[in-house]
>>> print(open('my_file_26.cif').read())   # mmCIF, C-alpha atoms and all ligand atoms; chains and numbers go by the auth columns
data_final
#
loop_
_atom_site.group_PDB
_atom_site.id
_atom_site.type_symbol
_atom_site.label_atom_id
_atom_site.label_comp_id
_atom_site.label_asym_id
_atom_site.label_seq_id
_atom_site.Cartn_x
_atom_site.Cartn_y
_atom_site.Cartn_z
_atom_site.B_iso_or_equiv
_atom_site.auth_seq_id
_atom_site.auth_asym_id
ATOM 1 C CA MET A 1 -67.437 -13.268 -87.297 0.00 207 A
ATOM 2 C CA GLY A 2 -70.759 -12.046 -88.657 0.00 208 A
ATOM 3 C CA ASP A 3 -71.765 -15.597 -89.467 0.00 209 A
ATOM 4 C CA ILE A 4 -71.136 -16.771 -85.918 0.00 210 A
ATOM 5 C CA LEU A 5 -73.185 -13.932 -84.514 0.00 211 A
ATOM 6 C CA ALA A 6 -76.019 -14.723 -86.928 0.00 212 A
ATOM 7 C CA ALA A 7 -75.894 -18.396 -85.910 0.00 213 A
ATOM 8 C CA ARG A 8 -76.038 -17.444 -82.234 0.00 214 A
ATOM 9 C CA LEU A 9 -79.018 -15.191 -82.810 0.00 215 A
ATOM 10 C CA LEU A 10 -80.768 -17.981 -84.708 0.00 216 A
ATOM 11 C CA ILE A 11 -80.159 -20.448 -81.862 0.00 217 A
ATOM 12 C CA ALA A 12 -81.339 -17.907 -79.277 0.00 218 A
ATOM 13 C CA SER A 13 -84.553 -17.264 -81.194 0.00 219 A
ATOM 14 C CA LEU A 14 -85.199 -20.998 -81.634 0.00 220 A
ATOM 15 C CA LEU A 15 -84.785 -21.518 -77.887 0.00 221 A
ATOM 16 C CA GLY A 16 -87.223 -18.676 -77.312 0.00 222 A
ATOM 17 C CA VAL A 17 -89.814 -20.305 -79.569 0.00 223 A
ATOM 18 C CA ALA A 18 -89.374 -23.632 -77.754 0.00 224 A
ATOM 19 C CA ALA A 19 -89.957 -21.944 -74.385 0.00 225 A
ATOM 20 C CA ILE A 20 -93.170 -20.278 -75.611 0.00 226 A
ATOM 21 C CA GLY A 21 -94.417 -23.540 -77.146 0.00 227 A
ATOM 22 C CA CYS A 22 -94.094 -25.302 -73.798 0.00 228 A
ATOM 23 C CA GLY A 23 -96.584 -22.952 -72.135 0.00 229 A
ATOM 24 C CA GLU A 24 -95.523 -23.609 -68.548 0.00 230 A
ATOM 25 C CA THR A 25 -94.396 -20.060 -67.908 0.00 231 A
ATOM 26 C CA GLU A 26 -97.752 -18.722 -69.090 0.00 232 A
ATOM 27 C CA ALA A 27 -99.614 -21.088 -66.769 0.00 233 A
ATOM 28 C CA ALA A 28 -97.807 -19.661 -63.766 0.00 234 A
ATOM 29 C CA SER A 29 -98.384 -15.976 -64.517 0.00 235 A
ATOM 30 C CA ALA A 30 -100.877 -14.214 -62.283 0.00 236 A
ATOM 31 C CA ASP A 31 -101.005 -10.776 -63.910 0.00 237 A
ATOM 32 C CA ASN A 32 -104.178 -8.815 -63.245 0.00 238 A
ATOM 33 C CA PHE A 33 -105.439 -11.461 -60.863 0.00 239 A
ATOM 34 C CA ASN A 34 -106.607 -10.557 -57.375 0.00 240 A
ATOM 35 C CA GLY A 35 -107.109 -13.214 -54.760 0.00 241 A
ATOM 36 C CA ASP A 36 -106.292 -13.661 -51.087 0.00 242 A
ATOM 37 C CA ALA A 37 -104.295 -16.890 -50.804 0.00 243 A
ATOM 38 C CA ARG A 38 -104.455 -17.004 -47.003 0.00 244 A
ATOM 39 C CA ARG A 39 -108.237 -16.717 -47.008 0.00 245 A
ATOM 40 C CA GLY A 40 -108.246 -19.276 -49.832 0.00 246 A
ATOM 41 C CA ALA A 41 -106.450 -21.824 -47.636 0.00 247 A
ATOM 42 C CA ASP A 42 -109.143 -21.412 -44.960 0.00 248 A
ATOM 43 C CA LEU A 43 -111.869 -21.800 -47.575 0.00 249 A
ATOM 44 C CA VAL A 44 -110.273 -25.007 -48.877 0.00 250 A
ATOM 45 C CA LYS A 45 -110.631 -26.382 -45.331 0.00 251 A
ATOM 46 C CA ASN A 46 -114.204 -25.110 -44.929 0.00 252 A
ATOM 47 C CA TYR A 47 -115.380 -26.498 -48.285 0.00 253 A
ATOM 48 C CA HIS A 48 -113.709 -29.846 -47.535 0.00 254 A
ATOM 49 C CA CYS A 49 -111.836 -30.025 -50.827 0.00 255 A
ATOM 50 C CA GLY A 50 -109.533 -32.400 -48.922 0.00 256 A
ATOM 51 C CA GLY A 51 -112.264 -35.033 -48.821 0.00 257 A
ATOM 52 C CA CYS A 52 -111.504 -35.635 -52.503 0.00 258 A
ATOM 53 C CA HIS A 53 -107.986 -34.220 -52.941 0.00 259 A
ATOM 54 C CA ASP A 54 -104.580 -34.626 -51.341 0.00 260 A
ATOM 55 C CA ILE A 55 -103.581 -30.976 -50.763 0.00 261 A
ATOM 56 C CA PRO A 56 -100.175 -29.873 -49.401 0.00 262 A
ATOM 57 C CA GLY A 57 -100.365 -27.585 -46.366 0.00 263 A
ATOM 58 C CA ILE A 58 -104.004 -28.415 -45.526 0.00 264 A
ATOM 59 C CA ALA A 59 -104.369 -30.587 -42.418 0.00 265 A
ATOM 60 C CA GLY A 60 -106.355 -33.757 -43.080 0.00 266 A
ATOM 61 C CA ALA A 61 -106.637 -33.134 -46.823 0.00 267 A
ATOM 62 C CA ASP A 62 -105.770 -36.614 -48.010 0.00 268 A
ATOM 63 C CA GLY A 63 -108.699 -37.544 -50.266 0.00 269 A
ATOM 64 C CA ASN A 64 -108.118 -39.740 -53.270 0.00 270 A
ATOM 65 C CA VAL A 65 -111.296 -39.237 -55.341 0.00 271 A
ATOM 66 C CA GLY A 66 -109.692 -36.576 -57.538 0.00 272 A
ATOM 67 C CA PRO A 67 -106.047 -35.963 -58.409 0.00 273 A
ATOM 68 C CA PRO A 68 -103.552 -34.722 -55.784 0.00 274 A
ATOM 69 C CA LEU A 69 -103.110 -30.946 -56.027 0.00 275 A
ATOM 70 C CA HIS A 70 -99.349 -30.963 -55.496 0.00 276 A
ATOM 71 C CA ARG A 71 -97.735 -28.330 -57.731 0.00 277 A
ATOM 72 C CA VAL A 72 -101.094 -27.589 -59.379 0.00 278 A
ATOM 73 C CA GLY A 73 -100.018 -23.936 -59.640 0.00 279 A
ATOM 74 C CA THR A 74 -97.480 -24.877 -62.300 0.00 280 A
ATOM 75 C CA ARG A 75 -99.506 -27.558 -64.083 0.00 281 A
ATOM 76 C CA THR A 76 -100.105 -26.898 -67.783 0.00 282 A
ATOM 77 C CA TYR A 77 -103.725 -28.095 -67.955 0.00 283 A
ATOM 78 C CA ILE A 78 -106.643 -28.193 -65.532 0.00 284 A
ATOM 79 C CA ALA A 79 -108.356 -31.580 -65.672 0.00 285 A
ATOM 80 C CA GLY A 80 -106.288 -32.396 -68.745 0.00 286 A
ATOM 81 C CA TYR A 81 -108.294 -30.046 -70.987 0.00 287 A
ATOM 82 C CA ILE A 82 -108.312 -26.437 -69.826 0.00 288 A
ATOM 83 C CA GLN A 83 -105.241 -24.192 -70.111 0.00 289 A
ATOM 84 C CA ASN A 84 -104.153 -23.464 -66.552 0.00 290 A
ATOM 85 C CA SER A 85 -104.393 -19.756 -65.692 0.00 291 A
ATOM 86 C CA PRO A 86 -105.606 -18.028 -62.517 0.00 292 A
ATOM 87 C CA ASP A 87 -108.858 -16.980 -64.215 0.00 293 A
ATOM 88 C CA ASN A 88 -109.503 -20.448 -65.618 0.00 294 A
ATOM 89 C CA MET A 89 -108.710 -21.984 -62.234 0.00 295 A
ATOM 90 C CA ALA A 90 -111.202 -19.679 -60.488 0.00 296 A
ATOM 91 C CA ALA A 91 -113.846 -20.525 -63.117 0.00 297 A
ATOM 92 C CA TRP A 92 -113.157 -24.232 -62.591 0.00 298 A
ATOM 93 C CA ILE A 93 -113.673 -23.961 -58.822 0.00 299 A
ATOM 94 C CA GLU A 94 -116.791 -21.832 -59.208 0.00 300 A
ATOM 95 C CA ASP A 95 -118.409 -24.313 -61.573 0.00 301 A
ATOM 96 C CA PRO A 96 -116.404 -27.329 -62.766 0.00 302 A
ATOM 97 C CA GLN A 97 -119.458 -28.642 -64.620 0.00 303 A
ATOM 98 C CA LYS A 98 -119.678 -25.500 -66.738 0.00 304 A
ATOM 99 C CA ALA A 99 -115.903 -25.550 -67.348 0.00 305 A
ATOM 100 C CA LEU A 100 -115.872 -29.205 -68.433 0.00 306 A
ATOM 101 C CA PRO A 101 -119.365 -30.747 -68.566 0.00 307 A
ATOM 102 C CA GLY A 102 -119.652 -34.291 -67.282 0.00 308 A
ATOM 103 C CA ASN A 103 -116.376 -34.437 -65.327 0.00 309 A
ATOM 104 C CA ALA A 104 -116.420 -36.054 -61.876 0.00 310 A
ATOM 105 C CA MET A 105 -115.931 -32.904 -59.736 0.00 311 A
ATOM 106 C CA PRO A 106 -119.313 -31.652 -58.507 0.00 312 A
ATOM 107 C CA ARG A 107 -120.514 -28.051 -58.625 0.00 313 A
ATOM 108 C CA MET A 108 -120.338 -26.915 -54.985 0.00 314 A
ATOM 109 C CA GLY A 109 -122.030 -23.520 -55.296 0.00 315 A
ATOM 110 C CA ILE A 110 -118.870 -21.571 -54.480 0.00 316 A
ATOM 111 C CA PRO A 111 -119.249 -17.781 -54.952 0.00 317 A
ATOM 112 C CA GLN A 112 -116.883 -16.055 -57.374 0.00 318 A
ATOM 113 C CA LYS A 113 -114.973 -14.177 -54.652 0.00 319 A
ATOM 114 C CA ASP A 114 -114.299 -17.398 -52.745 0.00 320 A
ATOM 115 C CA ALA A 115 -113.316 -19.199 -55.963 0.00 321 A
ATOM 116 C CA ARG A 116 -110.757 -16.485 -56.728 0.00 322 A
ATOM 117 C CA ASP A 117 -109.237 -16.668 -53.247 0.00 323 A
ATOM 118 C CA ILE A 118 -109.055 -20.460 -53.510 0.00 324 A
ATOM 119 C CA ALA A 119 -107.375 -20.142 -56.925 0.00 325 A
ATOM 120 C CA ALA A 120 -104.843 -17.724 -55.373 0.00 326 A
ATOM 121 C CA PHE A 121 -104.066 -20.363 -52.729 0.00 327 A
ATOM 122 C CA LEU A 122 -103.752 -23.149 -55.312 0.00 328 A
ATOM 123 C CA TYR A 123 -101.266 -20.976 -57.188 0.00 329 A
ATOM 124 C CA THR A 124 -98.987 -21.020 -54.126 0.00 330 A
ATOM 125 C CA LEU A 125 -98.604 -24.794 -54.705 0.00 331 A
ATOM 126 C CA LYS A 126 -95.522 -24.912 -56.929 0.00 332 A
HETATM 127 C C1 LIG B . -116.572 -34.994 -54.602 0.00 1 B
HETATM 128 C C2 LIG B . -115.148 -34.917 -54.859 0.00 1 B
HETATM 129 C C3 LIG B . -114.519 -33.569 -55.125 0.00 1 B
HETATM 130 C C4 LIG B . -114.571 -32.440 -54.340 0.00 1 B
HETATM 131 C C5 LIG B . -115.350 -32.213 -53.065 0.00 1 B
HETATM 132 C C6 LIG B . -113.674 -31.490 -54.956 0.00 1 B
HETATM 133 N N1 LIG B . -113.113 -32.022 -56.077 0.00 1 B
HETATM 134 FE FE1 LIG B . -111.716 -31.124 -57.253 0.00 1 B
HETATM 135 N N2 LIG B . -111.794 -32.711 -58.528 0.00 1 B
HETATM 136 C C7 LIG B . -112.503 -33.857 -58.315 0.00 1 B
HETATM 137 C C8 LIG B . -112.276 -34.759 -59.431 0.00 1 B
HETATM 138 C C9 LIG B . -112.870 -36.155 -59.591 0.00 1 B
HETATM 139 C C10 LIG B . -111.399 -34.087 -60.314 0.00 1 B
HETATM 140 C C11 LIG B . -110.851 -34.596 -61.662 0.00 1 B
HETATM 141 C C12 LIG B . -111.664 -34.004 -62.790 0.00 1 B
HETATM 142 C C13 LIG B . -111.118 -34.368 -64.141 0.00 1 B
HETATM 143 O O1 LIG B . -109.886 -34.429 -64.314 0.00 1 B
HETATM 144 O O2 LIG B . -111.912 -34.579 -65.053 0.00 1 B
HETATM 145 C C14 LIG B . -111.105 -32.806 -59.704 0.00 1 B
HETATM 146 C C15 LIG B . -110.255 -31.879 -60.247 0.00 1 B
HETATM 147 C C16 LIG B . -109.822 -30.740 -59.598 0.00 1 B
HETATM 148 C C17 LIG B . -108.793 -29.855 -60.077 0.00 1 B
HETATM 149 C C18 LIG B . -107.985 -30.045 -61.354 0.00 1 B
HETATM 150 C C19 LIG B . -106.783 -30.871 -60.953 0.00 1 B
HETATM 151 C C20 LIG B . -105.888 -31.277 -62.093 0.00 1 B
HETATM 152 O O3 LIG B . -104.975 -32.060 -61.824 0.00 1 B
HETATM 153 O O4 LIG B . -106.087 -30.864 -63.230 0.00 1 B
HETATM 154 C C21 LIG B . -108.655 -28.863 -59.158 0.00 1 B
HETATM 155 C C22 LIG B . -107.678 -27.706 -59.204 0.00 1 B
HETATM 156 C C23 LIG B . -109.613 -29.117 -58.121 0.00 1 B
HETATM 157 N N3 LIG B . -110.294 -30.264 -58.415 0.00 1 B
HETATM 158 C C24 LIG B . -109.782 -28.318 -57.004 0.00 1 B
HETATM 159 C C25 LIG B . -110.769 -28.516 -56.044 0.00 1 B
HETATM 160 C C26 LIG B . -111.038 -27.601 -54.969 0.00 1 B
HETATM 161 C C27 LIG B . -110.281 -26.314 -54.697 0.00 1 B
HETATM 162 C C28 LIG B . -112.089 -28.124 -54.262 0.00 1 B
HETATM 163 C C29 LIG B . -112.822 -27.501 -53.098 0.00 1 B
HETATM 164 C C30 LIG B . -113.413 -26.234 -53.346 0.00 1 B
HETATM 165 C C31 LIG B . -112.443 -29.376 -54.891 0.00 1 B
HETATM 166 N N4 LIG B . -111.617 -29.583 -55.965 0.00 1 B
HETATM 167 C C32 LIG B . -113.435 -30.227 -54.441 0.00 1 B
HETATM 168 C C33 LIG B . -113.293 -34.155 -57.229 0.00 1 B
HETATM 169 C C34 LIG B . -113.603 -33.279 -56.219 0.00 1 B
#
>>> encode(input="my_file_26.cif", output="structure tokens", more="lines below")
Ligand code: HEC
Amino acid sequence: MGDILAARLLIASLLGVAAIGCGETEAASADNFNGDARRGADLVKNYHCGGCHDIPGIAGADGNVGPPLHRVGTRTYIAGYIQNSPDNMAAWIEDPQKALPGNAMPRMGIPQKDARDIAAFLYTLK
């Protein structure tokens, strides 16, 4: 009986380690992050992100210069390099060239407050 319980605990802890290693749950957490997703959606329209990206829920956003932003809120990496978190996403939008020098997304001069609201919107895409 004790052996079976021990085996179950071992399996449970191994599953726990596997879940942490995957990192997807961490990417989706928005603790201590303030941003207005509704305002962010308007900003995405105003900054014409849709000229380069296909973005769900944004009318006319069907660009194909950069990757589609479908489910970007649950993606593990931003641009294949940066761990996806709300803070890292806001930093990316504020200055993608500082976040990953030389990548193809231009710096658009977006203020920090706007970048955080846009990140909050992108995190609704799951
Ligand atoms: C001139 C075209 C262009 C514009 C405008 C643009 N982007 Fe991008 N964006 C790109 C490209 C190209 C990449 C891919 C960069 C890479 O992976 O190295 C990218 C990557 C991204 C990523 C990472 C996607 C992923 O799959 O990892 C996000 C998020 C993003 N852009 C959001 C935005 C938002 C929000 C705006 C508007 C504020 C915007 N972009 C405006 C070209 C653009």
>>> closest_residue(input="my_file_26.cif", among="A:Thr330, A:Lys319, A:Asn238, A:Arg313", to="ligand LIG 1 (chain B)", atoms="all atoms listed in the file")
A:Arg313
>>> axis_aligned_box(input="my_file_26.cif", around="ligand LIG 1 (chain B)", padding_each_side="3 Å", output="JSON")
{"center_x": -110.8, "center_y": -31.2, "center_z": -59.1, "size_x": 17.6, "size_y": 15.9, "size_z": 18.0}
>>> atom_distance(input="my_file_26.cif", atom1="atom CA of Leu275 of chain A", atom2="atom CA of His254 of chain A")
13.6 Å
>>> atom_distance(input="my_file_26.cif", atom1="atom CA of Phe239 of chain A", atom2="atom CA of Gly272 of chain A")
25.7 Å
>>> resolve_selection(input="my_file_26.cif", expression="the PyMOL selection byres (((chain A and resi 258) around 10) and not hetatm)", output="PDB file with C-alpha atoms, in the frame of the given file")
ATOM      1  CA  HIS A 254    -113.709 -29.846 -47.535  1.00  0.00           C
ATOM      2  CA  CYS A 255    -111.836 -30.025 -50.827  1.00  0.00           C
ATOM      3  CA  GLY A 256    -109.533 -32.400 -48.922  1.00  0.00           C
ATOM      4  CA  GLY A 257    -112.264 -35.033 -48.821  1.00  0.00           C
ATOM      5  CA  HIS A 259    -107.986 -34.220 -52.941  1.00  0.00           C
ATOM      6  CA  ASP A 260    -104.580 -34.626 -51.341  1.00  0.00           C
ATOM      7  CA  ILE A 261    -103.581 -30.976 -50.763  1.00  0.00           C
ATOM      8  CA  ALA A 267    -106.637 -33.134 -46.823  1.00  0.00           C
ATOM      9  CA  ASP A 268    -105.770 -36.614 -48.010  1.00  0.00           C
ATOM     10  CA  GLY A 269    -108.699 -37.544 -50.266  1.00  0.00           C
ATOM     11  CA  ASN A 270    -108.118 -39.740 -53.270  1.00  0.00           C
ATOM     12  CA  VAL A 271    -111.296 -39.237 -55.341  1.00  0.00           C
ATOM     13  CA  GLY A 272    -109.692 -36.576 -57.538  1.00  0.00           C
ATOM     14  CA  PRO A 273    -106.047 -35.963 -58.409  1.00  0.00           C
ATOM     15  CA  PRO A 274    -103.552 -34.722 -55.784  1.00  0.00           C
ATOM     16  CA  MET A 311    -115.931 -32.904 -59.736  1.00  0.00           C
TER      17      MET A 311
END
>>> closest_residue(input="my_file_26.cif", among="A:Ala285, A:Met314, A:Leu249, A:Met295", to="ligand LIG 1 (chain B)", atoms="all atoms listed in the file")
A:Ala285
>>> atom_distance(input="my_file_26.cif", atom1="atom CA of Asp242 of chain A", atom2="atom CA of Tyr329 of chain A")
10.8 Å
>>> decode(input="my_file_26.cif", residues="segment 270-294 of chain A", atoms="N, CA, C and O atoms", output="PDB file, in the first residue's frame")
ATOM      1  N   ASN A 270       0.691  40.700 -44.191  1.00  0.00           N
ATOM      2  CA  ASN A 270       1.439  39.438 -44.228  1.00  0.00           C
ATOM      3  C   ASN A 270       2.938  39.699 -44.298  1.00  0.00           C
ATOM      4  O   ASN A 270       3.694  38.926 -44.863  1.00  0.00           O
ATOM      5  N   VAL A 271       3.380  40.836 -43.711  1.00  0.00           N
ATOM      6  CA  VAL A 271       4.816  41.136 -43.633  1.00  0.00           C
ATOM      7  C   VAL A 271       5.417  40.393 -42.437  1.00  0.00           C
ATOM      8  O   VAL A 271       6.474  39.773 -42.538  1.00  0.00           O
ATOM      9  N   GLY A 272       4.715  40.470 -41.311  1.00  0.00           N
ATOM     10  CA  GLY A 272       5.128  39.746 -40.104  1.00  0.00           C
ATOM     11  C   GLY A 272       4.186  38.578 -39.874  1.00  0.00           C
ATOM     12  O   GLY A 272       3.247  38.369 -40.639  1.00  0.00           O
ATOM     13  N   PRO A 273       4.446  37.817 -38.803  1.00  0.00           N
ATOM     14  CA  PRO A 273       3.606  36.642 -38.531  1.00  0.00           C
ATOM     15  C   PRO A 273       2.191  37.018 -38.105  1.00  0.00           C
ATOM     16  O   PRO A 273       1.984  38.098 -37.544  1.00  0.00           O
ATOM     17  N   PRO A 274       1.197  36.155 -38.383  1.00  0.00           N
ATOM     18  CA  PRO A 274      -0.155  36.384 -37.866  1.00  0.00           C
ATOM     19  C   PRO A 274      -0.119  36.370 -36.341  1.00  0.00           C
ATOM     20  O   PRO A 274       0.670  35.632 -35.754  1.00  0.00           O
ATOM     21  N   LEU A 275      -0.981  37.188 -35.709  1.00  0.00           N
ATOM     22  CA  LEU A 275      -0.945  37.272 -34.246  1.00  0.00           C
ATOM     23  C   LEU A 275      -2.039  36.422 -33.582  1.00  0.00           C
ATOM     24  O   LEU A 275      -2.369  36.634 -32.423  1.00  0.00           O
ATOM     25  N   HIS A 276      -2.552  35.461 -34.307  1.00  0.00           N
ATOM     26  CA  HIS A 276      -3.526  34.534 -33.732  1.00  0.00           C
ATOM     27  C   HIS A 276      -2.913  33.821 -32.537  1.00  0.00           C
ATOM     28  O   HIS A 276      -1.796  33.326 -32.625  1.00  0.00           O
ATOM     29  N   ARG A 277      -3.604  33.816 -31.424  1.00  0.00           N
ATOM     30  CA  ARG A 277      -3.184  33.106 -30.213  1.00  0.00           C
ATOM     31  C   ARG A 277      -1.809  33.545 -29.698  1.00  0.00           C
ATOM     32  O   ARG A 277      -1.119  32.791 -29.026  1.00  0.00           O
ATOM     33  N   VAL A 278      -1.414  34.789 -30.026  1.00  0.00           N
ATOM     34  CA  VAL A 278      -0.086  35.241 -29.587  1.00  0.00           C
ATOM     35  C   VAL A 278      -0.008  35.341 -28.056  1.00  0.00           C
ATOM     36  O   VAL A 278       1.064  35.252 -27.472  1.00  0.00           O
ATOM     37  N   GLY A 279      -1.181  35.496 -27.418  1.00  0.00           N
ATOM     38  CA  GLY A 279      -1.202  35.571 -25.951  1.00  0.00           C
ATOM     39  C   GLY A 279      -0.766  34.293 -25.264  1.00  0.00           C
ATOM     40  O   GLY A 279      -0.425  34.316 -24.084  1.00  0.00           O
ATOM     41  N   THR A 280      -0.789  33.182 -25.976  1.00  0.00           N
ATOM     42  CA  THR A 280      -0.365  31.916 -25.366  1.00  0.00           C
ATOM     43  C   THR A 280       0.923  31.390 -26.000  1.00  0.00           C
ATOM     44  O   THR A 280       1.363  30.291 -25.674  1.00  0.00           O
ATOM     45  N   ARG A 281       1.511  32.174 -26.906  1.00  0.00           N
ATOM     46  CA  ARG A 281       2.735  31.694 -27.559  1.00  0.00           C
ATOM     47  C   ARG A 281       3.877  31.670 -26.549  1.00  0.00           C
ATOM     48  O   ARG A 281       3.949  32.504 -25.659  1.00  0.00           O
ATOM     49  N   THR A 282       4.802  30.741 -26.708  1.00  0.00           N
ATOM     50  CA  THR A 282       5.895  30.603 -25.739  1.00  0.00           C
ATOM     51  C   THR A 282       6.961  31.673 -25.938  1.00  0.00           C
ATOM     52  O   THR A 282       7.465  32.234 -24.965  1.00  0.00           O
ATOM     53  N   TYR A 283       7.301  31.974 -27.195  1.00  0.00           N
ATOM     54  CA  TYR A 283       8.344  32.968 -27.465  1.00  0.00           C
ATOM     55  C   TYR A 283       7.833  34.105 -28.332  1.00  0.00           C
ATOM     56  O   TYR A 283       7.000  33.888 -29.209  1.00  0.00           O
ATOM     57  N   ILE A 284       8.355  35.295 -28.107  1.00  0.00           N
ATOM     58  CA  ILE A 284       8.113  36.435 -28.987  1.00  0.00           C
ATOM     59  C   ILE A 284       9.251  36.440 -30.005  1.00  0.00           C
ATOM     60  O   ILE A 284      10.433  36.394 -29.611  1.00  0.00           O
ATOM     61  N   ALA A 285       8.880  36.481 -31.274  1.00  0.00           N
ATOM     62  CA  ALA A 285       9.862  36.512 -32.356  1.00  0.00           C
ATOM     63  C   ALA A 285      10.853  35.347 -32.277  1.00  0.00           C
ATOM     64  O   ALA A 285      11.979  35.446 -32.772  1.00  0.00           O
ATOM     65  N   GLY A 286      10.437  34.264 -31.648  1.00  0.00           N
ATOM     66  CA  GLY A 286      11.275  33.074 -31.598  1.00  0.00           C
ATOM     67  C   GLY A 286      12.439  33.141 -30.621  1.00  0.00           C
ATOM     68  O   GLY A 286      13.194  32.170 -30.501  1.00  0.00           O
ATOM     69  N   TYR A 287      12.595  34.255 -29.907  1.00  0.00           N
ATOM     70  CA  TYR A 287      13.757  34.422 -29.029  1.00  0.00           C
ATOM     71  C   TYR A 287      13.424  34.817 -27.595  1.00  0.00           C
ATOM     72  O   TYR A 287      14.104  34.426 -26.656  1.00  0.00           O
ATOM     73  N   ILE A 288      12.388  35.673 -27.454  1.00  0.00           N
ATOM     74  CA  ILE A 288      12.149  36.300 -26.156  1.00  0.00           C
ATOM     75  C   ILE A 288      11.013  35.579 -25.437  1.00  0.00           C
ATOM     76  O   ILE A 288       9.945  35.387 -26.019  1.00  0.00           O
ATOM     77  N   GLN A 289      11.228  35.192 -24.197  1.00  0.00           N
ATOM     78  CA  GLN A 289      10.176  34.526 -23.416  1.00  0.00           C
ATOM     79  C   GLN A 289       8.939  35.415 -23.407  1.00  0.00           C
ATOM     80  O   GLN A 289       9.042  36.608 -23.079  1.00  0.00           O
ATOM     81  N   ASN A 290       7.800  34.850 -23.772  1.00  0.00           N
ATOM     82  CA  ASN A 290       6.581  35.658 -23.824  1.00  0.00           C
ATOM     83  C   ASN A 290       6.038  35.913 -22.417  1.00  0.00           C
ATOM     84  O   ASN A 290       5.736  34.974 -21.681  1.00  0.00           O
ATOM     85  N   SER A 291       5.957  37.178 -22.048  1.00  0.00           N
ATOM     86  CA  SER A 291       5.319  37.602 -20.794  1.00  0.00           C
ATOM     87  C   SER A 291       4.712  38.962 -21.107  1.00  0.00           C
ATOM     88  O   SER A 291       5.117  39.609 -22.082  1.00  0.00           O
ATOM     89  N   PRO A 292       3.750  39.428 -20.310  1.00  0.00           N
ATOM     90  CA  PRO A 292       3.158  40.738 -20.594  1.00  0.00           C
ATOM     91  C   PRO A 292       4.202  41.851 -20.612  1.00  0.00           C
ATOM     92  O   PRO A 292       4.161  42.725 -21.487  1.00  0.00           O
ATOM     93  N   ASP A 293       5.136  41.833 -19.678  1.00  0.00           N
ATOM     94  CA  ASP A 293       6.176  42.873 -19.649  1.00  0.00           C
ATOM     95  C   ASP A 293       7.065  42.806 -20.887  1.00  0.00           C
ATOM     96  O   ASP A 293       7.385  43.837 -21.489  1.00  0.00           O
ATOM     97  N   ASN A 294       7.473  41.583 -21.255  1.00  0.00           N
ATOM     98  CA  ASN A 294       8.331  41.454 -22.433  1.00  0.00           C
ATOM     99  C   ASN A 294       7.576  41.838 -23.705  1.00  0.00           C
ATOM    100  O   ASN A 294       8.171  42.405 -24.632  1.00  0.00           O
TER     101      ASN A 294
END
